[in-house]
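Trainee: Structure file query11.cif (mmCIF, C-alpha atoms) right here:
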data_entry
#
loop_
_atom_site.label_atom_id
_atom_site.label_comp_id
_atom_site.auth_asym_id
_atom_site.auth_seq_id
_atom_site.Cartn_x
_atom_site.Cartn_y
_atom_site.Cartn_z
CA MET C 1 -34.53 -57.05 44.94
CA THR C 2 -35.67 -58.62 48.23
CA ASP C 3 -35.00 -62.14 46.93
CA VAL C 4 -31.50 -61.18 45.82
CA ILE C 5 -30.64 -59.59 49.18
CA ALA C 6 -32.07 -62.60 51.04
CA ARG C 7 -29.89 -64.91 48.97
CA ASP C 8 -26.78 -62.80 49.48
CA LEU C 9 -27.42 -62.42 53.21
CA THR C 10 -27.80 -66.17 53.53
CA VAL C 11 -24.44 -66.76 51.86
CA TRP C 12 -22.77 -64.06 53.95
CA LEU C 13 -24.12 -65.29 57.30
CA ALA C 14 -23.38 -68.92 56.39
CA ASP C 15 -19.72 -67.93 56.12
CA GLU C 16 -19.73 -65.83 59.29
CA LEU C 17 -21.60 -68.38 61.43
CA HIS C 18 -20.03 -71.47 59.85
CA ASP C 19 -23.36 -73.09 58.99
CA PRO C 20 -24.15 -73.71 55.30
CA ALA C 21 -27.70 -74.64 56.32
CA ILE C 22 -28.48 -71.24 57.87
CA ARG C 23 -31.91 -69.84 57.06
CA VAL C 24 -32.87 -66.17 56.60
CA ASP C 25 -36.59 -65.40 57.08
CA GLY C 26 -38.90 -62.42 57.10
CA LEU C 27 -36.59 -60.05 55.23
CA ARG C 28 -38.18 -56.66 54.71
CA ARG C 29 -37.03 -53.12 54.17
CA THR C 30 -38.18 -50.71 56.87
CA SER C 31 -39.33 -47.15 56.34
CA VAL C 32 -37.05 -46.00 59.16
CA GLY C 33 -33.81 -44.42 57.98
CA TYR C 34 -33.52 -41.75 55.31
CA SER C 35 -29.88 -41.95 54.25
CA ARG C 36 -29.29 -45.75 54.36
CA GLU C 37 -31.31 -48.81 53.39
CA ASN C 38 -32.38 -50.71 56.52
CA TRP C 39 -33.31 -54.38 56.10
CA VAL C 40 -34.60 -56.40 59.06
CA PHE C 41 -34.66 -60.19 59.14
CA ASP C 42 -34.50 -63.30 61.32
CA ALA C 43 -31.83 -65.98 61.03
CA THR C 44 -31.77 -69.59 62.23
CA TRP C 45 -28.52 -71.55 62.41
CA HIS C 46 -26.68 -74.24 64.37
CA ASP C 47 -23.74 -73.64 66.68
CA GLY C 48 -22.03 -76.65 68.23
CA GLY C 49 -25.07 -78.78 67.48
CA GLU C 50 -27.48 -76.32 69.13
CA ALA C 51 -30.13 -74.48 67.14
CA ARG C 52 -29.95 -70.70 67.51
CA THR C 53 -32.06 -67.82 66.28
CA GLY C 54 -31.48 -64.10 66.08
CA ALA C 55 -33.10 -60.92 64.83
CA PHE C 56 -30.84 -58.65 62.79
CA ILE C 57 -30.79 -55.46 60.76
CA ALA C 58 -28.60 -54.83 57.73
CA ARG C 59 -27.71 -51.22 56.92
CA ARG C 60 -26.75 -50.93 53.27
CA ASP C 61 -25.60 -47.89 51.32
CA PRO C 62 -28.19 -46.77 48.77
CA VAL C 63 -27.29 -45.92 45.19
CA GLY C 64 -27.76 -42.26 46.05
CA SER C 65 -28.49 -40.42 49.29
CA VAL C 66 -28.62 -37.10 51.11
CA LEU C 67 -25.40 -38.06 52.93
CA GLU C 68 -22.13 -39.66 51.90
CA THR C 69 -20.70 -41.55 54.87
CA ASP C 70 -18.40 -44.48 55.56
CA ARG C 71 -19.67 -47.84 56.86
CA ARG C 72 -16.16 -48.79 58.00
CA LEU C 73 -16.04 -45.79 60.35
CA GLU C 74 -19.59 -46.38 61.58
CA PHE C 75 -18.76 -50.00 62.37
CA GLY C 76 -15.55 -49.01 64.16
CA ILE C 77 -17.30 -46.42 66.32
CA LEU C 78 -20.11 -48.80 67.30
CA ASP C 79 -17.64 -51.56 68.07
CA ALA C 80 -15.60 -49.22 70.27
CA LEU C 81 -18.73 -48.17 72.19
CA LYS C 82 -20.12 -51.67 72.74
CA ASP C 83 -19.17 -51.79 76.44
CA SER C 84 -19.38 -48.08 77.16
CA ALA C 85 -21.87 -46.09 79.23
CA VAL C 86 -23.77 -45.21 76.05
CA PRO C 87 -26.07 -47.98 74.80
CA VAL C 88 -25.55 -48.61 71.09
CA PRO C 89 -26.54 -51.34 68.63
CA ARG C 90 -24.35 -54.44 68.71
CA VAL C 91 -22.54 -54.69 65.40
CA ARG C 92 -21.88 -58.15 63.99
CA TRP C 93 -20.33 -58.03 60.53
CA LEU C 94 -18.98 -55.44 58.13
CA ASP C 95 -18.98 -55.49 54.35
CA ALA C 96 -16.96 -52.32 53.80
CA ASP C 97 -16.38 -52.82 50.08
CA GLY C 98 -19.82 -54.06 49.05
CA VAL C 99 -18.62 -57.55 48.20
CA ARG C 100 -21.46 -59.26 50.06
CA LEU C 101 -24.54 -57.16 49.32
CA GLY C 102 -23.40 -55.17 46.33
CA ARG C 103 -22.87 -52.00 48.34
CA PRO C 104 -21.12 -51.32 51.69
CA SER C 105 -23.18 -52.74 54.55
CA ILE C 106 -23.25 -53.50 58.27
CA VAL C 107 -25.22 -56.24 60.00
CA MET C 108 -26.13 -55.64 63.62
CA ASP C 109 -28.49 -57.08 66.20
CA LEU C 110 -32.06 -55.85 65.98
CA ALA C 111 -32.92 -54.30 69.35
CA ASP C 112 -36.29 -53.97 71.02
CA GLY C 113 -37.80 -50.53 71.36
CA VAL C 114 -39.82 -47.82 69.66
CA CYS C 115 -38.46 -45.01 67.50
CA ASP C 116 -40.63 -41.93 68.14
CA TYR C 117 -39.27 -38.75 66.59
CA MET C 118 -42.04 -36.69 68.23
CA ALA C 119 -41.62 -38.17 71.71
CA LEU C 120 -41.38 -34.70 73.25
CA ASN C 121 -44.47 -33.33 71.54
CA GLY C 122 -46.77 -36.33 71.29
CA SER C 123 -49.78 -37.35 73.33
CA ARG C 124 -48.03 -38.08 76.63
CA PRO C 125 -48.80 -35.79 79.59
CA LEU C 126 -46.47 -32.82 79.93
CA GLU C 127 -44.69 -34.14 83.03
CA ARG C 128 -43.79 -37.38 81.26
CA ARG C 129 -42.53 -35.55 78.18
CA VAL C 130 -40.28 -33.33 80.29
CA ALA C 131 -38.94 -36.41 82.08
CA ILE C 132 -38.23 -38.01 78.68
CA ALA C 133 -36.39 -34.85 77.65
CA HIS C 134 -34.20 -35.16 80.75
CA ARG C 135 -33.37 -38.78 79.94
CA LEU C 136 -32.83 -38.04 76.25
CA TYR C 137 -30.34 -35.22 76.68
CA ASP C 138 -28.63 -36.96 79.58
CA ARG C 139 -27.74 -39.56 76.94
CA LEU C 140 -26.24 -36.80 74.83
CA ALA C 141 -24.21 -35.65 77.83
CA ASP C 142 -23.07 -39.24 78.37
CA ILE C 143 -21.72 -39.28 74.81
CA HIS C 144 -19.70 -36.15 75.51
CA LEU C 145 -18.38 -37.59 78.78
CA LEU C 146 -16.98 -40.74 77.16
CA ASP C 147 -13.23 -41.23 77.45
CA TRP C 148 -12.73 -41.52 73.70
CA ARG C 149 -9.00 -42.07 74.06
CA ALA C 150 -9.46 -45.06 76.39
CA LEU C 151 -12.07 -46.46 73.98
CA GLY C 152 -9.54 -46.36 71.14
CA LEU C 153 -11.49 -43.87 69.05
CA GLY C 154 -8.36 -41.82 68.51
CA GLU C 155 -7.07 -44.68 66.36
CA ILE C 156 -9.87 -44.31 63.81
CA LEU C 157 -10.98 -40.68 64.18
CA GLU C 158 -8.94 -37.50 63.84
CA ASP C 159 -8.77 -35.13 66.81
CA PRO C 160 -9.18 -31.56 65.47
CA GLY C 161 -8.17 -30.06 68.81
CA GLY C 162 -8.86 -26.38 69.33
CA ARG C 163 -9.71 -25.79 65.67
CA ALA C 164 -12.75 -28.08 65.74
CA PRO C 165 -15.13 -25.38 64.45
CA LEU C 166 -12.93 -24.64 61.45
CA ALA C 167 -12.32 -28.34 60.83
CA ALA C 168 -16.09 -28.90 60.72
CA LEU C 169 -16.51 -25.96 58.37
CA ASP C 170 -13.67 -27.22 56.14
CA HIS C 171 -15.41 -30.58 55.88
CA TRP C 172 -18.79 -29.18 54.88
CA GLU C 173 -17.30 -26.60 52.52
CA ALA C 174 -15.48 -29.43 50.72
CA GLU C 175 -18.78 -31.31 50.50
CA LEU C 176 -20.42 -28.22 49.01
CA LYS C 177 -17.73 -27.96 46.33
CA ARG C 178 -18.21 -31.65 45.54
CA VAL C 179 -21.99 -31.64 45.09
CA ARG C 180 -23.14 -28.14 44.13
CA LEU C 181 -24.88 -27.81 40.78
CA GLU C 182 -25.16 -24.00 40.91
CA PRO C 183 -23.06 -21.19 42.42
CA GLU C 184 -25.03 -21.18 45.75
CA PRO C 185 -24.17 -17.58 46.78
CA GLU C 186 -26.08 -17.90 50.06
CA MET C 187 -23.84 -20.77 51.10
CA LYS C 188 -20.72 -18.82 50.17
CA LEU C 189 -21.92 -15.86 52.25
CA VAL C 190 -22.50 -18.08 55.27
CA ILE C 191 -19.10 -19.76 54.87
CA ALA C 192 -17.43 -16.34 54.94
CA TRP C 193 -19.38 -15.34 58.07
CA LEU C 194 -18.57 -18.62 59.82
CA ARG C 195 -14.86 -18.24 59.07
CA ARG C 196 -14.79 -14.71 60.45
CA HIS C 197 -16.63 -15.65 63.64
CA ALA C 198 -15.36 -19.17 64.39
CA PRO C 199 -15.05 -19.70 68.16
CA ASP C 200 -12.25 -21.50 69.92
CA SER C 201 -12.86 -25.05 71.11
CA ALA C 202 -11.96 -25.84 74.71
CA VAL C 203 -12.41 -29.61 74.69
CA THR C 204 -12.53 -32.53 72.26
CA THR C 205 -15.26 -35.11 72.74
CA LEU C 206 -17.09 -37.66 70.69
CA VAL C 207 -19.78 -35.83 68.71
CA HIS C 208 -22.85 -37.77 67.57
CA GLY C 209 -23.66 -35.42 64.72
CA ASP C 210 -27.39 -36.14 64.36
CA PHE C 211 -28.77 -36.53 67.86
CA LYS C 212 -32.58 -36.38 68.04
CA PRO C 213 -35.57 -38.33 69.38
CA GLY C 214 -35.85 -40.10 66.04
CA ASN C 215 -32.36 -41.54 66.48
CA VAL C 216 -32.97 -43.35 69.75
CA LEU C 217 -35.00 -46.37 70.78
CA MET C 218 -37.33 -46.14 73.75
CA GLN C 219 -39.00 -48.72 75.92
CA GLY C 220 -41.83 -46.98 77.71
CA ASP C 221 -40.36 -43.65 78.75
CA GLU C 222 -36.78 -44.90 78.95
CA VAL C 223 -34.14 -44.15 76.31
CA THR C 224 -32.56 -47.57 75.80
CA LEU C 225 -30.43 -47.24 72.66
CA VAL C 226 -28.76 -44.47 70.66
CA LEU C 227 -28.90 -45.07 66.91
CA ASP C 228 -27.49 -43.67 63.66
CA TRP C 229 -23.81 -43.00 64.26
CA GLU C 230 -22.88 -42.47 60.61
CA THR C 231 -21.88 -38.82 61.09
CA ALA C 232 -20.13 -39.29 64.47
CA HIS C 233 -16.66 -37.79 64.82
CA LEU C 234 -14.33 -36.12 67.28
CA GLY C 235 -14.93 -32.43 67.78
CA ASP C 236 -16.48 -29.77 69.97
CA PRO C 237 -19.49 -30.99 72.02
CA LEU C 238 -21.16 -27.66 71.25
CA GLU C 239 -21.65 -28.96 67.72
CA ASP C 240 -24.28 -31.34 69.10
CA ILE C 241 -25.71 -28.58 71.30
CA GLY C 242 -26.00 -26.31 68.27
CA TRP C 243 -27.76 -29.13 66.43
CA VAL C 244 -30.36 -29.87 69.13
CA THR C 245 -31.09 -26.18 69.82
CA ASN C 246 -31.35 -25.29 66.14
CA PRO C 247 -34.68 -23.46 65.55
CA LEU C 248 -35.29 -25.55 62.43
CA ARG C 249 -35.69 -28.68 64.57
CA ALA C 250 -37.67 -27.07 67.39
CA GLY C 251 -40.64 -29.43 66.92
CA GLU C 252 -38.45 -32.40 67.78
CA HIS C 253 -36.27 -30.98 70.54
CA ARG C 254 -38.40 -28.45 72.42
CA ILE C 255 -41.51 -28.50 74.58
CA PRO C 256 -42.88 -24.94 74.36
CA GLY C 257 -42.78 -23.26 77.74
CA ALA C 258 -41.45 -26.35 79.51
CA TRP C 259 -38.27 -27.47 77.74
CA GLU C 260 -36.55 -24.68 75.86
CA PRO C 261 -32.90 -24.42 74.71
CA ALA C 262 -31.90 -22.71 77.97
CA ASP C 263 -33.30 -25.65 79.97
CA LEU C 264 -31.49 -28.15 77.77
CA ILE C 265 -28.16 -26.33 78.00
CA GLU C 266 -28.47 -25.87 81.77
CA ARG C 267 -29.06 -29.58 82.34
CA TRP C 268 -26.31 -30.58 79.88
CA SER C 269 -23.82 -28.21 81.54
CA ALA C 270 -24.67 -29.48 85.02
CA ARG C 271 -24.15 -33.08 83.91
CA THR C 272 -20.96 -32.59 81.87
CA GLY C 273 -19.28 -29.70 83.66
CA PHE C 274 -18.83 -27.99 80.26
CA THR C 275 -19.94 -24.44 79.58
CA ALA C 276 -21.87 -23.23 76.55
CA ASP C 277 -20.99 -19.71 75.48
CA PRO C 278 -24.10 -18.23 73.80
CA ALA C 279 -22.09 -16.81 70.91
CA ALA C 280 -20.50 -20.21 70.27
CA VAL C 281 -23.89 -21.97 70.42
CA ARG C 282 -25.23 -19.46 67.88
CA TRP C 283 -22.26 -20.18 65.62
CA TRP C 284 -23.01 -23.91 65.82
CA ASN C 285 -26.73 -23.23 65.21
CA ILE C 286 -25.77 -21.57 61.96
CA LEU C 287 -23.44 -24.42 61.01
CA ALA C 288 -26.27 -26.84 61.82
CA ASN C 289 -28.40 -25.14 59.19
CA PHE C 290 -25.49 -25.23 56.77
CA LYS C 291 -25.37 -29.00 57.33
CA GLN C 292 -29.14 -29.24 56.85
CA ALA C 293 -28.84 -27.38 53.58
CA MET C 294 -26.04 -29.70 52.53
CA THR C 295 -28.27 -32.77 52.88
CA VAL C 296 -30.66 -31.17 50.40
CA LEU C 297 -27.91 -30.21 47.97
CA THR C 298 -26.34 -33.68 48.23
CA GLY C 299 -29.73 -35.22 47.44
CA LYS C 300 -30.15 -32.85 44.48
CA HIS C 301 -26.73 -33.87 43.16
CA ALA C 302 -27.58 -37.56 43.50
CA PHE C 303 -30.91 -37.01 41.72
CA ALA C 304 -29.20 -35.16 38.86
CA ASP C 305 -26.78 -38.09 38.55
CA GLY C 306 -29.70 -40.52 38.35
CA ARG C 307 -28.76 -42.15 41.68
CA PHE C 308 -31.65 -40.86 43.81
CA ASP C 309 -35.39 -41.08 43.23
CA ARG C 310 -36.50 -38.09 45.31
CA ILE C 311 -36.74 -34.61 43.81
CA LEU C 312 -35.35 -32.03 46.24
CA HIS C 313 -35.72 -28.30 45.71
CA GLU C 314 -33.35 -25.50 46.62
CA PRO C 315 -33.38 -25.16 50.45
CA VAL C 316 -34.62 -21.56 50.41
CA ALA C 317 -36.29 -21.79 53.83
CA ILE C 318 -32.99 -22.93 55.37
CA TYR C 319 -31.13 -20.10 53.64
CA ARG C 320 -33.64 -17.63 55.07
CA LEU C 321 -33.18 -19.08 58.57
CA PHE C 322 -29.39 -19.01 58.69
CA LEU C 323 -29.30 -15.52 57.22
CA THR C 324 -31.72 -14.44 59.95
CA LEU C 325 -29.49 -16.06 62.57
CA ILE C 326 -26.47 -14.21 61.19
CA GLU C 327 -28.31 -10.88 61.39
CA GLY C 328 -29.56 -11.66 64.92
#
Do you think you could lay out the structure here as structure tokens?

Mentor:
Amino acid sequence: MTDVIARDLTVWLADELHDPAIRVDGLRRTSVGYSRENWVFDATWHDGGEARTGAFIARRDPVGSVLETDRRLEFGILDALKDSAVPVPRVRWLDADGVRLGRPSIVMDLADGVCDYMALNGSRPLERRVAIAHRLYDRLADIHLLDWRALGLGEILEDPGGRAPLAALDHWEAELKRVRLEPEPEMKLVIAWLRRHAPDSAVTTLVHGDFKPGNVLMQGDEVTLVLDWETAHLGDPLEDIGWVTNPLRAGEHRIPGAWEPADLIERWSARTGFTADPAAVRWWNILANFKQAMTVLTGKHAFADGRFDRILHEPVAIYRLFLTLIEG
């Protein structure tokens, strides 16, 4: 497969860079990235008689995945953010229909940095980890402070307005109906609870959708790039807050006794000027677990279709957690 992708990338980049003699070297698939295939490579070409080199990464849709997302939207969001206050990968070329690499793909610049999903609970001294937490969630606040209208995101993303919570629930309920293999009564119960208790939404912002230490690049203790925008959309910023304060992901987002959800929310509120009603955050915590369960059920569906090579079991632990949150 590597030889075929190298050949197809060479043809694609030769067209984009107007050099039939372009060379693609060092192509390899990385282990980073669970829902897309990530292929890194170097390219050498000539531009106006001058030799140039670059390091790139191609994100290609797999045959089956735990998420179904759109490369066209991901490319459009990243392109819109290229000169914004939020550092994102520089996108180069889009193959939205899979003509170039057989499946929809994006090629972007490969950036320097380290992806450390346990940056907050690794071997660094406590003071450094807390400082990293400040920088990390300041980046999340920066996302929510973007003027998405001025960036043109309203042209490619729908603004749900004050019904953002219900719009998010509608989306994930539709996904459940599409992929479920069994009745899933626990999911139906949670949907009913979420509909009865949906909060109002006071503001529309850009929502990342999967913000975490594992979706940023760091150089030293600095957060230098925000990655993985495939689930980004317009909505309520509390959706991201509910995601990063979700108890299921505590190992990634919390430093016990030093950086708890209350600390995160206090810093985020001070930076953005937005408030975080506890009942609304709880609602988004529960939806976060619904989304987590959906990744498992989507993977199960893809496996049953023969499109995914990982066996995923019923997400019983997630069901137990969101039912506990509902009772709490």

Trainee: Any chance you could work out the axis-aligned box around region 200-204 of chain C, listed atoms only, 4 Å on each side, giving centre and edge lengths in Å to one decimal, as lines of an AutoDock Vina configuration file?

Mentor:
center_x = -12.4
center_y = -27.0
center_z = 72.3
size_x = 8.9
size_y = 19.0
size_z = 12.8

Trainee: Skipping near chain neighbours, those fewer than 5 positions away, what residues fall within 12 Å of Val11 (chain C) using only C-alpha atoms, listed as an mmCIF file with C-alpha atoms, keeping the file's coordinate frame?

Mentor:
data_model
loop_
_atom_site.group_PDB
_atom_site.id
_atom_site.type_symbol
_atom_site.label_atom_id
_atom_site.label_comp_id
_atom_site.auth_asym_id
_atom_site.auth_seq_id
_atom_site.Cartn_x
_atom_site.Cartn_y
_atom_site.Cartn_z
ATOM 1 C CA VAL C 4 -31.500 -61.180 45.820
ATOM 2 C CA ILE C 5 -30.640 -59.590 49.180
ATOM 3 C CA ALA C 6 -32.070 -62.600 51.040
ATOM 4 C CA GLU C 16 -19.730 -65.830 59.290
ATOM 5 C CA LEU C 17 -21.600 -68.380 61.430
ATOM 6 C CA HIS C 18 -20.030 -71.470 59.850
ATOM 7 C CA ASP C 19 -23.360 -73.090 58.990
ATOM 8 C CA PRO C 20 -24.150 -73.710 55.300
ATOM 9 C CA ALA C 21 -27.700 -74.640 56.320
ATOM 10 C CA ILE C 22 -28.480 -71.240 57.870
ATOM 11 C CA ARG C 23 -31.910 -69.840 57.060
ATOM 12 C CA VAL C 24 -32.870 -66.170 56.600
ATOM 13 C CA ALA C 43 -31.830 -65.980 61.030
ATOM 14 C CA VAL C 99 -18.620 -57.550 48.200
ATOM 15 C CA ARG C 100 -21.460 -59.260 50.060
ATOM 16 C CA LEU C 101 -24.540 -57.160 49.320
#

Trainee: Could you build a table of the residues in region 180-236 of chain C lying no more than 7 Å from region 77-95 of chain C, giving for each the nearest pair of atoms and their separation in Å rounded to one decimal place, using all atoms listed in the file, ordered by chain and ascending residue number, as a Markdown table?

Mentor:
| residue | atom | partner | partner_atom | distance |
| --- | --- | --- | --- | --- |
| C:Thr224 | CA | C:Pro87 | CA | 6.6 |
| C:Leu225 | CA | C:Pro87 | CA | 4.9 |
| C:Val226 | CA | C:Val88 | CA | 5.3 |
| C:Leu227 | CA | C:Val88 | CA | 6.4 |

Trainee: Would you write out, as a list in words, every residue that the PyMOL selection byres ((chain C and resi 204-208) around 6) captures in this file?

Mentor: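 Going through the file, the PyMOL selection byres ((chain C and resi 204-208) around 6) ends up selecting His144, Val203, Gly209, Asp210, Ala232, His233, Leu234, Gly235, Asp236 and Pro237 of chain C.
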
Trainee: Taking the file as shown, find all residues satisfying the PyMOL selection byres ((chain C and resi 299-301) around 9) and write them as a VMD selection string.

Mentor: chain C and resid 64 to 67 179 to 181 294 to 298 302 to 308 310 to 314

Trainee: Calculated over all atoms listed in the file, which of the candidates C:Gly257, C:Pro165, C:Gly273, C:Gly48 has the smallest distance to Gly242 (chain C)?

Mentor: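 The shortest atom-to-atom distance to Gly242 (chain C) comes from C:Pro165.
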
Trainee: Identify which of the residues C:Ala96, C:Ile143, C:Val107, C:Leu157 lies closest to Leu9 (chain C), counting only C-alpha atoms when measuring atom-to-atom distances.

Mentor: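 So, comparing all the options, the nearest one is C:Val107.
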
Trainee: Using the chain letters and numbers from this file, what does the PyMOL selection byres ((chain C and resi 53-58) around 9) select? Give the answer as a PyMOL selection string.

Mentor: chain C and resi 9+37-46+51-52+59-60+105-111

Trainee: Provide the CA of Val114 (chain C) to CA of Val216 (chain C) distance in Å, to one decimal place.

Mentor: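 About the pair CA of Val114 (chain C) and CA of Val216 (chain C): they are 8.2 Å apart.
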
Trainee: May I ask for the distance between CA of Asn289 (chain C) and CA of Phe322 (chain C), given in Å to one decimal place?

Mentor: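 Answer for the CA of Asn289 (chain C) to CA of Phe322 (chain C) separation: 6.2 Å.
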
Trainee: Interatomic distance between CA of Arg254 (chain C) and CA of Glu230 (chain C)?

Mentor: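 We find that CA of Arg254 (chain C) and CA of Glu230 (chain C) lie 24.0 Å from each other.
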
Trainee: Looking at all atoms listed in the file, which of C:Ala293, C:Leu153, C:Ala276, C:Ala192 is the one that sits closest to Tyr319 (chain C)?

Mentor: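 The closest residue to Tyr319 (chain C) is C:Ala293.
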
Trainee: When you count all atoms listed in the file, which of these residues is closest to Leu145 (chain C): C:Lys291, C:Ser269, C:Thr231, C:Ala119?

Mentor: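 Selected residue with least distance to Leu145 (chain C): C:Ser269.
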
Trainee: Pick from C:Asp170, C:Glu260, C:Glu266, C:Glu222: nearest to Cys115 (chain C), with all atoms listed in the file counted?

Mentor: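 That would be C:Glu222, the residue with the smallest distance to Cys115 (chain C).
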